[in-house]
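The structure under discussion appears below in the form of structure tokens.
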Amino acid sequence: MIKGVGARLTAREREVLEWVAAGKTSRDIAAILGASPRTIEKHLERIYDKLGVETRTAAAMRALHICATGTPGRQ
């Protein structure tokens with residue numbers, strides 16, 4: 001579980017980000033969570049905004065950095 005980003009992300013956003021960090025596509029995540037791919041994309045847009053990043057790779061890296069160090073890193 002991705003911890004340390006909880007103050008900024010909702011439980012569902014954290015769940016989506018965990019799957020992104022595991023290498024899943026939006027379509028895969030949608031199937032796993034029982035949502036539409038568009039809903040997952042909207043979650044990702046909010047995640048990017050909250051983490052100050054522009055891509056799913058950057059979001060996953062930021063989350064992993066926060067987990068490892070407890071600090072958000074450069075924004």
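Lettering and numbering for the structure tokens are positional, with chains as A, B, ... in the shown order, residues counted from 1 in each chain, and ligands counted from 1 in the shown order.
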
Exercise for the section: Pick out the residues sitting within 8 Å of stretch 47-60 of chain A, and hand them over as an NGL selection string; count only C-alpha atoms, and ignore anything fewer than 5 positions along from it in its own chain. Expected result: :A and (8-9 or 13 or 17-18 or 20-21 or 75)

Exercise for the section: Find the distance between atom CA of A:Ile66 and atom CA of A:Ile29 and write it in Å to one decimal. Expected result: 22.1 Å

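Of the listed residues (A:Ala68, A:Trp19, A:Ala31, A:Ser26), A:Ser26 comes nearest to A:Glu45; the distances count only C-alpha atoms.
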
Completion exercise
In terms of only C-alpha atoms, the residue from A:Lys24, A:His65, A:Arg38, A:His43 at minimal distance from A:Arg12 is A:His43

Exercise for the section: From a DSSP calculation on the backbone, collect every residue of chain A in helix (DSSP H, G or I) and output the set as a PyMOL selection string. Expected result: chain A and resi 11-21+26-33+37-51+56-69

Write to file, as a compact mmCIF listing (two decimals), in the first residue's frame, the residues of the selection just made, with N, CA and C atoms.
# COMPACT_ATOMS: atom_id res chain seq x y z
N ALA A 11 -8.85 7.74 -0.85
CA ALA A 11 -8.57 6.30 -0.81
C ALA A 11 -8.59 5.71 -2.22
N ARG A 12 -9.54 6.11 -3.04
CA ARG A 12 -9.63 5.59 -4.41
C ARG A 12 -8.44 6.05 -5.25
N GLU A 13 -8.04 7.31 -5.08
CA GLU A 13 -6.88 7.81 -5.80
C GLU A 13 -5.62 7.05 -5.41
N ARG A 14 -5.46 6.76 -4.13
CA ARG A 14 -4.31 5.96 -3.68
C ARG A 14 -4.35 4.57 -4.30
N GLU A 15 -5.55 3.99 -4.37
CA GLU A 15 -5.71 2.66 -4.96
C GLU A 15 -5.31 2.68 -6.44
N VAL A 16 -5.78 3.68 -7.16
CA VAL A 16 -5.42 3.83 -8.58
C VAL A 16 -3.91 4.00 -8.71
N LEU A 17 -3.33 4.83 -7.88
CA LEU A 17 -1.89 5.08 -7.94
C LEU A 17 -1.09 3.82 -7.63
N GLU A 18 -1.57 3.00 -6.73
CA GLU A 18 -0.90 1.73 -6.44
C GLU A 18 -0.85 0.85 -7.69
N TRP A 19 -1.98 0.78 -8.40
CA TRP A 19 -2.02 -0.03 -9.62
C TRP A 19 -1.14 0.57 -10.72
N VAL A 20 -1.11 1.91 -10.81
CA VAL A 20 -0.22 2.56 -11.78
C VAL A 20 1.23 2.20 -11.46
N ALA A 21 1.59 2.27 -10.20
CA ALA A 21 2.96 1.94 -9.79
C ALA A 21 3.29 0.47 -10.07
N SER A 26 -4.67 2.03 -17.69
CA SER A 26 -5.96 2.54 -17.22
C SER A 26 -7.07 1.52 -17.47
N ARG A 27 -7.02 0.86 -18.60
CA ARG A 27 -8.02 -0.16 -18.92
C ARG A 27 -7.94 -1.32 -17.92
N ASP A 28 -6.71 -1.75 -17.59
CA ASP A 28 -6.54 -2.82 -16.60
C ASP A 28 -7.10 -2.40 -15.24
N ILE A 29 -6.75 -1.19 -14.82
CA ILE A 29 -7.20 -0.69 -13.52
C ILE A 29 -8.72 -0.60 -13.49
N ALA A 30 -9.31 -0.14 -14.59
CA ALA A 30 -10.77 -0.03 -14.66
C ALA A 30 -11.41 -1.40 -14.47
N ALA A 31 -10.86 -2.42 -15.11
CA ALA A 31 -11.41 -3.77 -14.98
C ALA A 31 -11.25 -4.29 -13.55
N ILE A 32 -10.11 -4.04 -12.96
CA ILE A 32 -9.85 -4.49 -11.59
C ILE A 32 -10.79 -3.83 -10.60
N LEU A 33 -11.01 -2.52 -10.77
CA LEU A 33 -11.81 -1.76 -9.81
C LEU A 33 -13.30 -1.69 -10.17
N PRO A 37 -12.68 3.11 -17.96
CA PRO A 37 -11.35 3.69 -18.17
C PRO A 37 -11.36 5.21 -18.04
N ARG A 38 -12.45 5.84 -18.46
CA ARG A 38 -12.55 7.31 -18.35
C ARG A 38 -12.55 7.75 -16.89
N THR A 39 -13.20 6.99 -16.02
CA THR A 39 -13.20 7.31 -14.59
C THR A 39 -11.78 7.21 -14.04
N ILE A 40 -11.06 6.22 -14.46
CA ILE A 40 -9.67 6.06 -14.01
C ILE A 40 -8.83 7.24 -14.51
N GLU A 41 -9.05 7.66 -15.74
CA GLU A 41 -8.33 8.82 -16.27
C GLU A 41 -8.62 10.08 -15.46
N LYS A 42 -9.86 10.25 -15.04
CA LYS A 42 -10.22 11.41 -14.21
C LYS A 42 -9.51 11.33 -12.86
N HIS A 43 -9.46 10.14 -12.26
CA HIS A 43 -8.71 9.97 -11.01
C HIS A 43 -7.25 10.35 -11.23
N LEU A 44 -6.68 9.90 -12.36
CA LEU A 44 -5.28 10.20 -12.65
C LEU A 44 -5.06 11.70 -12.82
N GLU A 45 -5.99 12.40 -13.45
CA GLU A 45 -5.87 13.85 -13.61
C GLU A 45 -5.77 14.53 -12.24
N ARG A 46 -6.62 14.09 -11.31
CA ARG A 46 -6.61 14.67 -9.96
C ARG A 46 -5.32 14.30 -9.22
N ILE A 47 -4.86 13.06 -9.41
CA ILE A 47 -3.60 12.62 -8.79
C ILE A 47 -2.45 13.48 -9.30
N TYR A 48 -2.37 13.68 -10.62
CA TYR A 48 -1.30 14.48 -11.20
C TYR A 48 -1.31 15.89 -10.61
N ASP A 49 -2.49 16.46 -10.51
CA ASP A 49 -2.62 17.82 -9.97
C ASP A 49 -2.16 17.87 -8.52
N LYS A 50 -2.61 16.93 -7.72
CA LYS A 50 -2.26 16.92 -6.29
C LYS A 50 -0.78 16.65 -6.05
N LEU A 51 -0.15 15.85 -6.91
CA LEU A 51 1.26 15.53 -6.74
C LEU A 51 2.17 16.48 -7.52
N ARG A 56 1.88 9.57 -15.71
CA ARG A 56 1.67 8.46 -14.77
C ARG A 56 2.98 7.95 -14.21
N THR A 57 4.05 7.98 -15.01
CA THR A 57 5.35 7.55 -14.52
C THR A 57 5.84 8.49 -13.43
N ALA A 58 5.70 9.78 -13.65
CA ALA A 58 6.12 10.76 -12.65
C ALA A 58 5.30 10.63 -11.37
N ALA A 59 4.01 10.35 -11.51
CA ALA A 59 3.16 10.16 -10.33
C ALA A 59 3.61 8.95 -9.52
N ALA A 60 3.89 7.85 -10.21
CA ALA A 60 4.36 6.65 -9.53
C ALA A 60 5.69 6.90 -8.84
N MET A 61 6.60 7.58 -9.53
CA MET A 61 7.90 7.88 -8.94
C MET A 61 7.77 8.80 -7.73
N ARG A 62 6.90 9.80 -7.81
CA ARG A 62 6.70 10.72 -6.69
C ARG A 62 6.15 9.96 -5.49
N ALA A 63 5.18 9.10 -5.73
CA ALA A 63 4.59 8.32 -4.64
C ALA A 63 5.63 7.40 -4.00
N LEU A 64 6.44 6.75 -4.81
CA LEU A 64 7.48 5.88 -4.28
C LEU A 64 8.51 6.68 -3.49
N HIS A 65 8.84 7.87 -3.96
CA HIS A 65 9.78 8.73 -3.25
C HIS A 65 9.21 9.13 -1.88
N ILE A 66 7.95 9.50 -1.86
CA ILE A 66 7.31 9.89 -0.60
C ILE A 66 7.31 8.72 0.37
N CYS A 67 7.01 7.54 -0.13
CA CYS A 67 6.99 6.35 0.72
C CYS A 67 8.38 6.05 1.29
N ALA A 68 9.38 6.21 0.45
CA ALA A 68 10.74 5.86 0.86
C ALA A 68 11.35 6.90 1.81
N THR A 69 11.02 8.17 1.60
CA THR A 69 11.70 9.22 2.36
C THR A 69 10.80 9.98 3.32
